[in-house]
Structure formats: C-alpha cells, structure tokens
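Structure file data.txt (compact mmCIF, C-alpha atoms) follows.
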# COMPACT_ATOMS: atom_id res chain seq x y z
CA MET A 12 -6.52 114.59 66.07
CA SER A 13 -8.55 112.33 68.28
CA ASP A 14 -10.73 109.70 66.69
CA ARG A 15 -13.91 109.52 68.74
CA ARG A 16 -16.93 107.32 68.36
CA LEU A 17 -20.12 108.52 66.77
CA GLU A 18 -22.53 110.37 69.00
CA PRO A 19 -26.11 108.96 68.98
CA GLY A 20 -27.74 109.80 65.65
CA GLU A 21 -24.52 111.28 64.26
CA SER A 22 -23.48 110.58 60.66
CA LEU A 23 -19.92 109.99 59.50
CA ARG A 24 -20.00 113.36 57.76
CA VAL A 25 -20.97 115.14 60.99
CA ARG A 26 -18.43 113.23 63.08
CA VAL A 27 -15.55 114.07 60.74
CA ALA A 28 -16.59 117.73 60.60
CA ARG A 29 -16.94 117.85 64.39
CA MET A 30 -13.52 116.37 65.10
CA LEU A 31 -11.77 118.49 62.47
CA SER A 32 -13.44 121.67 63.73
CA LEU A 33 -12.37 120.88 67.30
CA ALA A 34 -8.78 120.33 66.13
CA ILE A 35 -8.87 123.64 64.25
CA ILE A 36 -10.44 125.60 67.12
CA SER A 37 -7.88 124.26 69.61
CA GLY A 38 -4.92 124.97 67.31
CA GLU A 39 -4.05 121.28 67.01
CA LEU A 40 -4.50 121.88 63.29
CA ALA A 41 -2.71 125.21 62.85
CA PRO A 42 -3.65 127.85 60.27
CA GLY A 43 -2.07 126.98 56.94
CA THR A 44 -2.20 123.22 57.51
CA LEU A 45 -3.06 121.40 54.29
CA LEU A 46 -5.68 118.66 54.60
CA THR A 47 -6.28 116.12 51.84
CA VAL A 48 -9.38 113.98 51.55
CA PRO A 49 -7.46 110.65 51.24
CA ARG A 50 -5.30 111.38 54.29
CA VAL A 51 -8.23 112.45 56.47
CA ALA A 52 -10.26 109.46 55.29
CA GLU A 53 -7.42 107.16 56.30
CA ARG A 54 -7.11 108.88 59.70
CA PHE A 55 -10.78 108.35 60.51
CA ALA A 56 -11.04 104.97 58.75
CA VAL A 57 -13.93 106.10 56.56
CA SER A 58 -14.50 106.46 52.84
CA ALA A 59 -13.70 109.62 50.93
CA THR A 60 -17.34 110.68 50.48
CA PRO A 61 -18.18 111.73 54.08
CA VAL A 62 -14.77 113.40 54.36
CA ARG A 63 -15.33 115.43 51.21
CA GLU A 64 -18.80 116.42 52.43
CA ALA A 65 -17.39 117.36 55.84
CA MET A 66 -14.69 119.49 54.22
CA LEU A 67 -17.28 121.36 52.17
CA ASP A 68 -19.29 121.98 55.34
CA LEU A 69 -16.20 123.33 57.08
CA GLU A 70 -15.45 125.53 54.09
CA LYS A 71 -18.91 127.10 54.32
CA ARG A 72 -18.29 127.78 58.01
CA GLY A 73 -14.94 129.40 57.29
CA PHE A 74 -12.69 126.77 58.89
CA VAL A 75 -10.92 125.79 55.65
CA GLU A 76 -10.47 127.04 52.10
CA THR A 77 -10.08 125.07 48.90
CA VAL A 78 -6.59 124.73 47.42
CA ARG A 79 -7.02 123.68 43.80
CA ASN A 80 -5.67 120.21 42.99
CA LYS A 81 -4.31 119.83 46.53
CA GLY A 82 -7.08 119.77 49.10
CA PHE A 83 -8.14 122.19 51.81
CA ARG A 84 -6.10 124.63 53.88
CA VAL A 85 -6.97 125.59 57.46
CA THR A 86 -7.83 129.28 57.52
CA ALA A 87 -6.56 131.85 59.99
CA VAL A 88 -8.66 134.27 62.05
CA SER A 89 -7.14 137.74 62.16
CA ASP A 90 -6.48 139.46 65.47
CA GLU A 91 -9.02 142.10 64.48
CA LEU A 92 -11.77 139.54 63.85
CA LEU A 93 -10.96 137.68 67.06
CA GLN A 94 -11.17 140.96 68.98
CA ASP A 95 -14.54 141.72 67.37
CA ILE A 96 -15.87 138.27 68.29
CA VAL A 97 -14.70 138.63 71.88
CA GLU A 98 -16.29 142.08 72.18
CA ILE A 99 -19.65 140.67 71.09
CA ARG A 100 -19.31 137.75 73.49
CA LEU A 101 -18.58 140.18 76.32
CA LEU A 102 -21.81 142.00 75.53
CA LEU A 103 -23.83 138.79 75.68
CA GLU A 104 -22.38 136.14 77.98
CA PRO A 105 -21.49 137.97 81.23
CA PRO A 106 -24.92 139.67 81.53
CA ALA A 107 -26.52 136.31 80.75
CA MET A 108 -24.69 134.69 83.67
CA ALA A 109 -25.78 137.56 85.93
CA ARG A 110 -29.39 136.79 84.98
CA VAL A 111 -28.86 133.06 85.56
CA ALA A 112 -27.54 133.84 89.05
CA GLY A 113 -30.85 135.48 89.85
CA ALA A 114 -32.78 132.28 89.31
CA PHE A 115 -30.31 129.38 89.30
CA PRO A 116 -32.13 126.03 89.77
CA ALA A 117 -30.54 124.33 92.79
CA GLY A 118 -31.75 120.97 91.51
CA ARG A 119 -29.47 121.27 88.47
CA LEU A 120 -26.30 122.06 90.42
CA ALA A 121 -25.09 118.44 90.60
CA ASP A 122 -25.47 118.06 86.82
CA PHE A 123 -23.48 121.21 86.14
CA ARG A 124 -20.84 120.15 88.67
CA ALA A 125 -20.42 116.91 86.72
CA GLN A 126 -19.95 118.88 83.51
CA ALA A 127 -17.37 121.12 85.20
CA ASP A 128 -15.58 117.99 86.42
CA ALA A 129 -15.44 116.75 82.81
CA ILE A 130 -13.86 120.06 81.73
CA VAL A 131 -11.26 119.81 84.49
CA ALA A 132 -10.55 116.18 83.60
CA GLY A 133 -10.03 117.10 79.93
CA ALA A 134 -7.62 119.86 80.95
CA ARG A 135 -5.60 117.65 83.27
CA SER A 136 -5.35 114.80 80.77
CA GLY A 137 -4.55 117.11 77.85
CA ASP A 138 -7.55 115.78 75.90
CA LEU A 139 -8.43 118.99 74.07
CA PRO A 140 -11.45 117.63 72.14
CA ALA A 141 -12.97 116.36 75.41
CA TYR A 142 -12.18 119.69 77.06
CA LEU A 143 -13.79 121.71 74.27
CA LEU A 144 -16.89 119.53 73.98
CA ALA A 145 -17.50 119.63 77.74
CA ASP A 146 -16.83 123.37 77.84
CA GLN A 147 -19.27 124.06 75.00
CA ALA A 148 -22.02 121.95 76.60
CA PHE A 149 -21.50 123.58 80.02
CA HIS A 150 -21.78 127.17 78.82
CA LEU A 151 -24.60 126.62 76.36
CA GLU A 152 -26.70 124.66 78.85
CA LEU A 153 -26.23 127.38 81.46
CA THR A 154 -27.33 129.98 78.92
CA ALA A 155 -30.30 127.81 77.94
CA LEU A 156 -31.66 128.25 81.47
CA LEU A 157 -32.79 131.70 80.33
CA GLY A 158 -35.15 130.14 77.78
CA ASN A 159 -33.89 132.20 74.83
CA ASP A 160 -33.03 129.87 71.95
CA VAL A 161 -31.77 132.70 69.74
CA LEU A 162 -29.30 133.75 72.42
CA VAL A 163 -28.04 130.19 72.77
CA GLU A 164 -27.63 129.81 69.00
CA THR A 165 -25.83 133.16 68.71
CA ILE A 166 -23.40 132.36 71.51
CA ALA A 167 -22.80 128.87 70.08
CA ASP A 168 -21.88 130.40 66.72
CA LEU A 169 -19.57 132.99 68.28
CA ARG A 170 -17.85 130.39 70.45
CA GLU A 171 -17.32 128.17 67.41
CA ARG A 172 -15.72 131.04 65.52
CA THR A 173 -13.32 131.79 68.38
CA ARG A 174 -9.99 130.15 67.54
CA LEU A 175 -8.04 129.04 70.62
CA VAL A 176 -4.66 128.43 69.03
CA GLY A 177 -2.85 128.70 72.37
CA LEU A 178 -4.59 125.68 73.91
CA VAL A 179 -2.01 123.22 72.64
CA SER A 180 0.82 125.02 74.43
CA MET A 181 -1.32 125.45 77.55
CA VAL A 182 -1.49 121.68 78.01
CA GLU A 183 2.15 121.74 79.12
CA SER A 184 1.50 124.40 81.78
CA SER A 185 -0.89 125.01 84.67
CA ARG A 186 -2.79 127.67 82.75
CA LEU A 187 -5.32 125.28 81.22
CA HIS A 188 -6.04 123.93 84.70
CA VAL A 189 -6.63 127.44 86.03
CA SER A 190 -9.01 128.17 83.17
CA ALA A 191 -10.84 124.86 83.71
CA ASP A 192 -11.21 125.47 87.45
CA GLU A 193 -13.05 128.72 86.70
CA HIS A 194 -16.10 126.67 85.77
CA HIS A 195 -16.51 125.46 89.35
CA ARG A 196 -15.99 128.99 90.63
CA LEU A 197 -18.69 130.20 88.27
CA LEU A 198 -21.06 127.59 89.66
CA ASP A 199 -20.21 128.75 93.20
CA HIS A 200 -21.30 132.28 92.28
CA LEU A 201 -24.44 131.12 90.47
CA ALA A 202 -25.52 128.84 93.30
CA ALA A 203 -24.96 131.68 95.80
CA GLY A 204 -27.04 134.04 93.67
CA ASP A 205 -24.08 136.44 93.34
CA ALA A 206 -24.84 138.09 90.00
CA ASP A 207 -21.99 140.61 90.14
CA ALA A 208 -19.35 137.93 90.84
CA ALA A 209 -20.75 135.63 88.15
CA GLU A 210 -20.68 138.43 85.58
CA ALA A 211 -17.14 139.49 86.52
CA LEU A 212 -15.78 135.94 86.36
CA MET A 213 -17.44 135.35 82.99
CA ARG A 214 -15.76 138.49 81.65
CA GLN A 215 -12.38 137.22 82.86
CA HIS A 216 -13.07 133.79 81.36
CA ILE A 217 -13.96 135.15 77.92
CA ARG A 218 -10.91 137.43 77.86
CA HIS A 219 -8.72 134.31 77.87
CA ALA A 220 -9.66 134.11 74.17
CA ILE A 221 -7.35 137.07 73.49
CA GLY A 222 -4.88 136.04 76.21
CA TRP A 223 -3.87 132.52 77.20
CA TRP A 224 -6.08 130.80 74.63
CA ALA A 225 -4.50 132.91 71.89
CA GLY A 226 -0.99 132.07 73.09
CA ARG A 227 -0.46 135.43 74.81
CA ALA A 228 0.59 136.23 78.36
CA GLU A 229 -1.91 137.45 80.94
CA ASP A 230 -2.09 137.90 84.71
CA PRO A 231 -2.64 134.40 86.20
CA ARG A 232 -4.08 135.71 89.46
CA PRO A 233 -7.74 134.68 89.85
CA ARG A 234 -10.36 137.38 90.06
CA GLY A 235 -14.03 137.11 90.86
Before we go any further, please render this structure as structure tokens.
Amino acid sequence: MSDRRLEPGESLRVRVARMLSLAIISGELAPGTLLTVPRVAERFAVSATPVREAMLDLEKRGFVETVRNKGFRVTAVSDELLQDIVEIRLLLEPPAMARVAGAFPAGRLADFRAQADAIVAGARSGDLPAYLLADQAFHLELTALLGNDVLVETIADLRERTRLVGLVSMVESSRLHVSADEHHRLLDHLAAGDADAAEALMRQHIRHAIGWWAGRAEDPRPRG
C-alpha cells in the first residue's frame, strides 16, 4: 500500500479509507486479506482512532467485513455481481461519452490531456493508486461536462464497486499501458466530435473490468 499525503481538507480517517479502498480495488489487498487496526495504524503512522473509523466506513461500503476478535477481512465481489455492475456501466458510460462528443469544449482539451498523461505515467511506473486516482478523475470530469450530478454520482459509485483484481499482474505486462493509452484515444474521438467511435471505445474500455482488469485473457488488438 502506498502512503500518500493528505489531500487539501482531507482528514486522517478519509485518507486511510481512500488508500485502503484503492488497494482493495486494485487487488493489491486481495480478497480474504486480514487487516488489523494496530498494523494499519503503524503502516500509515497514525493513531488507532482514524483507522478504526476508516475501517467502519469501508465496512459500510462493502469493502471489508468484521472478523470478531481479529480485525477486518477484505471482501470478495462475485463474478455475477461484477457482471451486473459492468452491464449497468455499459448502459450509462458509453452513451454519455457519445453525448460529450457532440459538444466537447475545445478549451478543456489540454486539461484532459494532462489527466490522461497522469494515467499513462501511473501505468508505466506501476503506481496503481496514482493510476486509479487519475483514472477516476478523468472519467468523472468528462461525465460532469453533461451537467448531470446524479449521473456522475451513480457512475462514481459503480466504478468504486468494480474490483480490478488483475491490475497487480498487469503491471508486469504491456496490458496496463494499452489500457492507459485508451484515454488519449478517447480524447481524440471526443475532440473530433466522433460520437460513434467514442461510444465504441468506451464500451471496450469498460469491458476490461471483466477481462484484463479481472485477471482474464482478452483480445489485445485495439478497436475504436
């Protein structure tokens, strides 16, 4: 687990929960891993109180479950639930990108390119927390261009519930780089106003959640 500095206005409780959730989503903390408050507190150099509060937050969000007299165990997401989450994301995110392509603000392109660069850098360095944070910001800010806060919140929740247990193994291959590069290709389509290509690429990108990102094989040839 990486130990990152506090974001502006972020409490110790929120920081610990954020870093643990990123480690769980990426598979760095595998399902079944036992986490104890003292050990996590030592890892983050904080007291037990914010760690305990963070663990309870994560339990409410389904990331961990209480193990009596031992601590907290990282939960697993079944293949069926992951498939359901991906199906809902496919209903929401690709059409959203098609709509964004119809009115993409050229003045924001440089900002989104910088975010895509951060995703690529995280992939190439193997820094999974940096990769995930940049990826989340990129996709949610693109979706926010549509001005629908409920849509952004729904997609954020679905993305957070999508476990990417294959990311750790992808660091050792070129597959994470291919996935990261798709963000620049998406921007190419959006900037060109190509709604069909943007929607198709977003579908391919999301399907990695039940392919590469889940530790399963898929066709590496780029589409869209």
- [ ] Find the distance between atom CA of Arg54 of chain A and atom CA of Arg172 of chain A and write it in Å to one decimal.
- [x]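 Computed distance, atom CA of Arg54 of chain A to atom CA of Arg172 of chain A, equals 24.5 Å.
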Task: One-decimal distance in Å that lies between atom CA of His188 of chain A and atom CA of Ala129 of chain A - done: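 Between these atoms lies a distance of 12.0 Å.
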Open item on the list: List as a ChimeraX atom specification the protein and nucleic acid residues near Val97 of chain A, meaning an atom at most 9 Å away when only C-alpha atoms are counted, but skip any in the same chain fewer than 6 places from it.
Closed with: /A:169-170,173,217-218,220-221
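Distances from A:Arg50, A:Leu33, A:Ser58, A:Asp122 to Gln147 of chain A were compared using only C-alpha atoms, and the smallest one belongs to A:Leu33.
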Test item: axis-aligned box, all listed atoms of segment 71-75 of chain A, 6 Å on each side, centre and edges in Å rounded to one decimal, as JSON:
{"center_x": -14.9, "center_y": 127.6, "center_z": 56.6, "size_x": 20.0, "size_y": 15.6, "size_z": 16.6}
Task: One-decimal distance in Å that lies between atom CA of Gly43 of chain A and atom CA of Gln94 of chain A - done: 20.6 Å
Open item on the list: Using all atoms listed in the file for the distances, tell me which of A:Ser32, A:Ser22, A:Ser37, A:Ser190 is nearest to Val131 of chain A.
Closed with: A:Ser190
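Of the listed residues A:Leu198, A:Ala34, A:Met213, A:Ala59, the one whose atoms come nearest to Ala121 of chain A is A:Leu198, with distances taken using only C-alpha atoms.
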Task: Distance criterion (all atoms listed in the file): nearest to Ala132 of chain A out of A:Thr154, A:Ala28, A:Val51, A:Asp146 - done: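 Counting all atoms listed in the file, the residue closest to Ala132 of chain A is A:Asp146.
Using all atoms listed in the file, the smallest distance between any of A:Pro49, A:Leu31, A:Leu101, A:Val161 and Glu70 of chain A comes from A:Leu31.
Of the residues listed (A:Leu139, A:Gly118, A:Arg24, A:Arg84), A:Leu139 shows the shortest atom-to-atom separation from Gly38 of chain A; distances use all atoms listed in the file.
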Open item on the list: So that I can check the surroundings of segment 72-75 of chain A, please list as a ChimeraX atom specification every protein, DNA and RNA residue that reaches within 8 Å of it, counting all atoms listed in the file and ignoring chain neighbours fewer than 5 positions away.
Closed with: /A:32,35,66,83-86
